[in-house]
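Below: the structure, in structure tokens.
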Amino acid sequence: MNQIKILLLYPPEQQWPGCIVKPNGSLAYPYLGGSLRDIGIETYIYDACVGNNNDNLENFFKNSTQLPSGMLRTGVSNDRILEVVSYYDAVGITSIFSQQETQVLDCAKLIKKNYPNKLLFSGGVNAKSRPSIFFAAGFDIIFTSESEITIQQIAKILQKGSRDFSSVGKIYFKNKYGKIIDNSHFGDIVWDLDKLPIPAWNLLPNERYWKIGRPHGGQIASDSTLRYASIMTSRGCPFACSYCHIANETVNSKSGAIGRFRIKSDDRVRNELQILKDEIGVKQVFIEDDSIFGKKKRAIRLLKSIIGFGLDLMDVNGINMIHLVKKSNKPNWMVPDEEVIELLAEVGFKYIVLPFESANLRIIKKWCSNKLALDRFSPSDLIKTIKKYKINVGTNYMIGFPDETRKEIETTLNFAHKMKQNGLDHSNFFLVMPVPGTPIFDYCIKKGHLPKNYNPDKFQWTKANLINTAVSPAELESIRDKAWDDCNNQQFKKERKSWVATRPS
Ligand code: B12
């Protein structure tokens with residue numbers, strides 16, 4: 001049996017000047033690393049955006065280089081990437097962010113050109129949505145679903161010295177004749193999340209992430225030590241929003257029904273938190289579930305069981321408002337669910353984000369899964385109740401839906417101003433940017449709101465890319481900038497501005 005070595009590579013980051021650079025550091029690699037660890041495969045995670053202890057962060061992290069696109073690249077040099085790669089037999093490069101696609105493809109081309117025999121594979125929502133582009137860049141395998149089981153199957157085949165992947169499901173692969181084979185129609189899905197490997201958080205460059213200090217979001221007191229990590233207590237989501245890949249992750253899709261809401265047991269979650277605290281030395285935990293309250297009773301039970309853990313918990317992904325309110329005596333009227341909010345505070349939540357998305361019922365209904373309507377509860381009462389328990393509250397708004405009128409955009413902005421007056425700590429405004437793999441992307445291509453030759457470099461939430469819309473892209477961007485400026489405090493703006501990519505000196 002061959003002793004194979006696998007590298008999981010986060011590529012350098014690319015951003016338009018003025019945009020925030022945050023290391024990827026997502027949970028895909030800790031899970032895949034854990035999976036490979038469990039079958040004894042030597043695995044290493046290298047984050048080319050921040051490097052490892054042999055790289056001097058000062059040399060490159062705040063000194064980005066200019067790319068031909070005009071974007072700024074933040075990370076170690078190509079030579080350094082090749083040096084790291086040289087030791088491994090196979091290299092995985094994650095592609096969950098469409099806006100980082102160019103960096104993924106550039107890394108693949110670089111590695112394939114210099115080491116044509118190394119096996120190159122990719123996965124994540126962007127990779128699975130754009131296989132032909134990925135194969136053209138040199139990838140040999142694209143994973144089309146969650147990959148903890150699949151990566152073990154691939155590793156075992158490599159251990160046997162083979163490259164015949166025809167028995168492996170939930171992948172596309174290039175066979176020995178260079179033909180692309182689609183095996184996405186078979187393969188297992190993990191329904192019981194306790195069967196997932198314990199993530200190998202120890203493989204991440206945590207100390208570097210903490211030093212850089214750009215966590216997922218939220219406001220962390222400047223005097224507290226930053227030692228953060230992410231967990232997921234569930235996967236999937238009960239909602240199916242048009243702008244989210246989950247809406248397409250159904251039974252007959254190439255990923256299978258991984259969009260379905262699935263959970264870990266309370267014991268398993270507590271075990272993970274204990275590991276983070278004791279073995280990794282974490283102080284702040286970001287809960288990255290797509291919908292932690294997907295099963296409200298389970299979430300309440302779970303949260304109650306982690307009171308007193310001594311970790312600061314944060315959910316910046318958003319807790320759907322429907323889960324923070326409850327029925328009242330008044331027909332069709334919901335009031336803040338104070339028991340749940342108090343519980344969040346007691347468990348250690350310092351910060352949550354309310355995803356208001358839009359103040360227009362029409363938009364919420366058509367594009368956002370018809371979530372809790374703003375005419376069925378008082379958002380200001382909700383904010384006040386959360387603040388009463390000393391939890392910071394932020395919010396995310398989306399403007400620029402393909403059919404959104406100027407008046408509808410104004411309605412959301414007026415609402416945002418009102419919410420600020422009601423005590424919101426900060427407000428983020430995102431321009432709708434449909435990405436491959438989502439229903440809204442297919443809609444925009446079909447209806448001519450995205451050019452056929454769209455450029456994923458521009459898939460930044462800061463850029464307005466849709467065409468044939470009521471408000472022009474340039475105007476939309478300036479409306480967004482003004483709204484952000486008006487609705488946030490000086491301290492928050494100063495901090496976020498210090499995180500942006502810096503031009504080459
Ligand atoms: C956490 C997170 C972040 C964090 C990551 C850092 C951190 N501390 O974890 C940060 C803050 C960087 C972030 C930023 C953004 N994010 Co984000 N983020 C997430 C989130 C919530 C979780 C990611 C994660 O850990 N997933 C858990 C892992 C286990 O799942 P996974 O990534 O799908 O991986 C599995 C498979 O896909 C596959 N796989 C994935 N990669 C690979 C690689 C290989 C080699 C293989 C074999 C398999 C494989 O196997 C994995 C294990 O089963 C996802 C939503 C989600 N549920 O994934 C959004 C998500 C990835 N983010 C998204 C977006 C839009 C953004 C932002 C643009 C938001 C913004 N407005 O700024 C930025 C872009 C950042 C950038 N660099 O360009 C979108 C991306 C859509 C797209 N196609 O581009 C997602 C999908 C949310 C959504 N539903 O729309 N994000």
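In the structure tokens, each chain is lettered A, B, ... as it comes, each chain's residues begin at 1, and ligands are numbered from 1 in order of appearance.
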For region 206-209 of chain A: contacts at 9 Å, only C-alpha atoms, fewer than 4 positions along chain excluded, given as a ChimeraX atom specification: /A:23,25,50-53,57,201-202,213-215,227-229,280
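Residues with any atom within 7 Å of Leu313 (chain A), counting only C-alpha atoms and excluding same-chain neighbours fewer than 2 positions away, are Gln284, Val285, Phe286, Leu311, Asp315, Gly348, Phe349 and Lys350 of chain A.
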Those residues with C-alpha atoms, as a CSV table (one decimal), in the first residue's frame please?
chain,number,residue,atom,x,y,z
A,284,GLN,CA,-15.0,32.7,21.0
A,285,VAL,CA,-17.1,30.3,18.9
A,286,PHE,CA,-18.9,31.2,15.7
A,311,LEU,CA,-17.2,30.4,25.7
A,315,ASP,CA,-24.1,33.7,15.3
A,348,GLY,CA,-23.1,33.4,26.3
A,349,PHE,CA,-24.3,35.0,23.0
A,350,LYS,CA,-22.8,38.4,22.8
Point-to-point distance in Å for atom 38 (C, counted along the ligand's line) of ligand 1 and CA of Asp38 (chain A): 17.2 Å
Which residues, written as a VMD selection string, have at least one atom at most 10 Å from Ile189 (chain A), with only C-alpha atoms counted and residues fewer than 2 positions away on the same chain left out? chain A and resid 145 to 150 170 186 to 187 191 to 193 255 to 258
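Residues lying within 12 Å of Phe415 (chain A), counting only C-alpha atoms and ignoring same-chain neighbours fewer than 2 positions away, are Phe356, Glu357, Ser358, Ala359, Asn360, Leu374, Ser378, Pro379, Ser380, Thr395, Tyr397, Glu408, Ile409, Glu410, Thr411, Thr412, Leu413, His417, Lys418, Met419, Lys420, Gln421, Asn422, Leu424, Ser427, Ala483 and Cys487 of chain A.
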Hey, what does DSSP flag as strand (DSSP E) within region 126-366 of chain A? Can you give it to me as a ChimeraX atom specification? /A:141-143,171-174,180-182,228-231,234-235,262-263,284-287,312-315,325-327,334-336,349-357
List the spatial neighbours of region 321-329 of chain A as a ChimeraX atom specification - criterion: any atom at most 8 Å away, only C-alpha atoms, same-chain residues fewer than 3 positions off excluded. /A:293,296,332-338,340-341,354-356,371-372,377,382
Determine which residues of region 113-317 of chain A DSSP labels as alpha helix (DSSP H) from the backbone of this structure, then write them out as a PyMOL selection string. chain A and resi 113-114+125-129+131-136+148-159+206-212+266-275+296-304
Preceding selection exported with C-alpha atoms as an mmCIF file, in the first residue's frame:
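The new file selection.cif reads:
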data_model
loop_
_atom_site.group_PDB
_atom_site.id
_atom_site.type_symbol
_atom_site.label_atom_id
_atom_site.label_comp_id
_atom_site.auth_asym_id
_atom_site.auth_seq_id
_atom_site.Cartn_x
_atom_site.Cartn_y
_atom_site.Cartn_z
ATOM 1 C CA LYS A 113 2.044 23.051 -15.085
ATOM 2 C CA ASN A 114 4.834 22.372 -12.610
ATOM 3 C CA VAL A 125 -20.619 25.026 -4.167
ATOM 4 C CA ASN A 126 -18.769 27.034 -6.806
ATOM 5 C CA ALA A 127 -16.645 24.141 -8.068
ATOM 6 C CA LYS A 128 -19.599 21.805 -8.423
ATOM 7 C CA SER A 129 -21.526 24.447 -10.385
ATOM 8 C CA PRO A 131 -17.061 21.747 -13.646
ATOM 9 C CA SER A 132 -15.991 22.389 -17.245
ATOM 10 C CA ILE A 133 -14.055 25.524 -16.267
ATOM 11 C CA PHE A 134 -12.399 23.633 -13.430
ATOM 12 C CA PHE A 135 -11.400 20.690 -15.609
ATOM 13 C CA ALA A 136 -9.997 23.086 -18.219
ATOM 14 C CA GLU A 148 -16.213 13.425 4.130
ATOM 15 C CA ILE A 149 -16.974 9.912 2.840
ATOM 16 C CA THR A 150 -15.884 10.521 -0.753
ATOM 17 C CA ILE A 151 -12.449 11.854 0.152
ATOM 18 C CA GLN A 152 -11.738 8.667 2.099
ATOM 19 C CA GLN A 153 -12.763 6.588 -0.926
ATOM 20 C CA ILE A 154 -10.438 8.595 -3.191
ATOM 21 C CA ALA A 155 -7.552 8.354 -0.707
ATOM 22 C CA LYS A 156 -7.946 4.574 -0.457
ATOM 23 C CA ILE A 157 -7.812 4.235 -4.263
ATOM 24 C CA LEU A 158 -4.636 6.356 -4.336
ATOM 25 C CA GLN A 159 -3.136 4.187 -1.602
ATOM 26 C CA ASN A 206 -5.243 29.319 14.217
ATOM 27 C CA GLU A 207 -2.551 31.438 15.832
ATOM 28 C CA ARG A 208 -2.162 33.367 12.570
ATOM 29 C CA TYR A 209 -5.911 33.850 12.210
ATOM 30 C CA TRP A 210 -6.070 35.162 15.777
ATOM 31 C CA LYS A 211 -3.127 37.474 15.215
ATOM 32 C CA ILE A 212 -4.677 38.909 12.077
ATOM 33 C CA ASP A 266 -26.433 17.615 22.017
ATOM 34 C CA ASP A 267 -23.647 15.354 23.298
ATOM 35 C CA ARG A 268 -21.734 15.634 20.071
ATOM 36 C CA VAL A 269 -21.968 19.444 20.092
ATOM 37 C CA ARG A 270 -20.829 19.597 23.717
ATOM 38 C CA ASN A 271 -17.926 17.304 22.863
ATOM 39 C CA GLU A 272 -16.857 19.632 20.033
ATOM 40 C CA LEU A 273 -17.064 22.695 22.291
ATOM 41 C CA GLN A 274 -14.979 20.920 24.919
ATOM 42 C CA ILE A 275 -12.306 20.082 22.334
ATOM 43 C CA LYS A 296 -36.562 25.276 17.639
ATOM 44 C CA LYS A 297 -37.176 22.886 20.544
ATOM 45 C CA ARG A 298 -33.939 21.042 19.832
ATOM 46 C CA ALA A 299 -31.995 24.315 19.663
ATOM 47 C CA ILE A 300 -33.440 25.483 22.988
ATOM 48 C CA ARG A 301 -32.593 22.143 24.623
ATOM 49 C CA LEU A 302 -29.083 22.206 23.150
ATOM 50 C CA LEU A 303 -28.423 25.779 24.178
ATOM 51 C CA LYS A 304 -29.669 25.157 27.720
#
Return the single residue from A:Ala28, A:Leu226, A:Leu431, A:Val190 that is closest to Ile45 (chain A), with distances computed using only C-alpha atoms. A:Ala28
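Of the residues listed (A:Ile141, A:Ser184, A:Ser77, A:Tyr443), A:Ile141 shows the shortest atom-to-atom separation from Asp164 (chain A); distances use only C-alpha atoms.
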For a quick check of understanding, using only C-alpha atoms, which of A:Leu9, A:Leu203, A:Ala373, A:Ile20 has the smallest distance to Ile93 (chain A)? A:Leu9
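Distances from A:Phe97, A:Trp367, A:Tyr177, A:Tyr44 to Gln15 (chain A) were compared using only C-alpha atoms, and the smallest one belongs to A:Phe97.
Distances here use only C-alpha atoms and all ligand atoms; by that measure, the residue among A:Gly400, A:Pro205, A:Gly124, A:Gly217 closest to ligand 1 is A:Gly124.
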From the set A:Met398, A:Ile181, A:Cys244, A:Val432, which residue has the shortest atom-to-atom contact distance to ligand 1, counting only C-alpha atoms and all ligand atoms? A:Cys244
Near Glu342 (chain A), counting only C-alpha atoms, which residues have an atom at most 10 Å away, once you skip same-chain residues fewer than 4 positions from it, shown as a PyMOL selection string? chain A and resi 337-338+346-347+349+385-386+388-391
Could the residues in this selection be written to a file with C-alpha atoms, as a PDB file, in the first residue's frame?
ATOM      1  CA  ASP A 337     -40.013  35.216  22.502  1.00  0.00           C
ATOM      2  CA  GLU A 338     -38.315  36.537  25.608  1.00  0.00           C
ATOM      3  CA  GLU A 346     -27.507  33.155  29.435  1.00  0.00           C
ATOM      4  CA  VAL A 347     -25.688  30.742  27.126  1.00  0.00           C
ATOM      5  CA  PHE A 349     -24.332  34.951  23.014  1.00  0.00           C
ATOM      6  CA  THR A 385     -35.925  42.993  23.787  1.00  0.00           C
ATOM      7  CA  ILE A 386     -32.610  41.601  22.502  1.00  0.00           C
ATOM      8  CA  LYS A 388     -32.387  44.407  27.076  1.00  0.00           C
ATOM      9  CA  TYR A 389     -30.285  41.266  27.502  1.00  0.00           C
ATOM     10  CA  LYS A 390     -27.096  43.112  26.493  1.00  0.00           C
ATOM     11  CA  ILE A 391     -26.706  41.246  23.204  1.00  0.00           C
TER      12      ILE A 391
END
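Taking CA of Asn78 (chain A) as the reference point, CA of Leu204 (chain A) is found at 20.4 Å.
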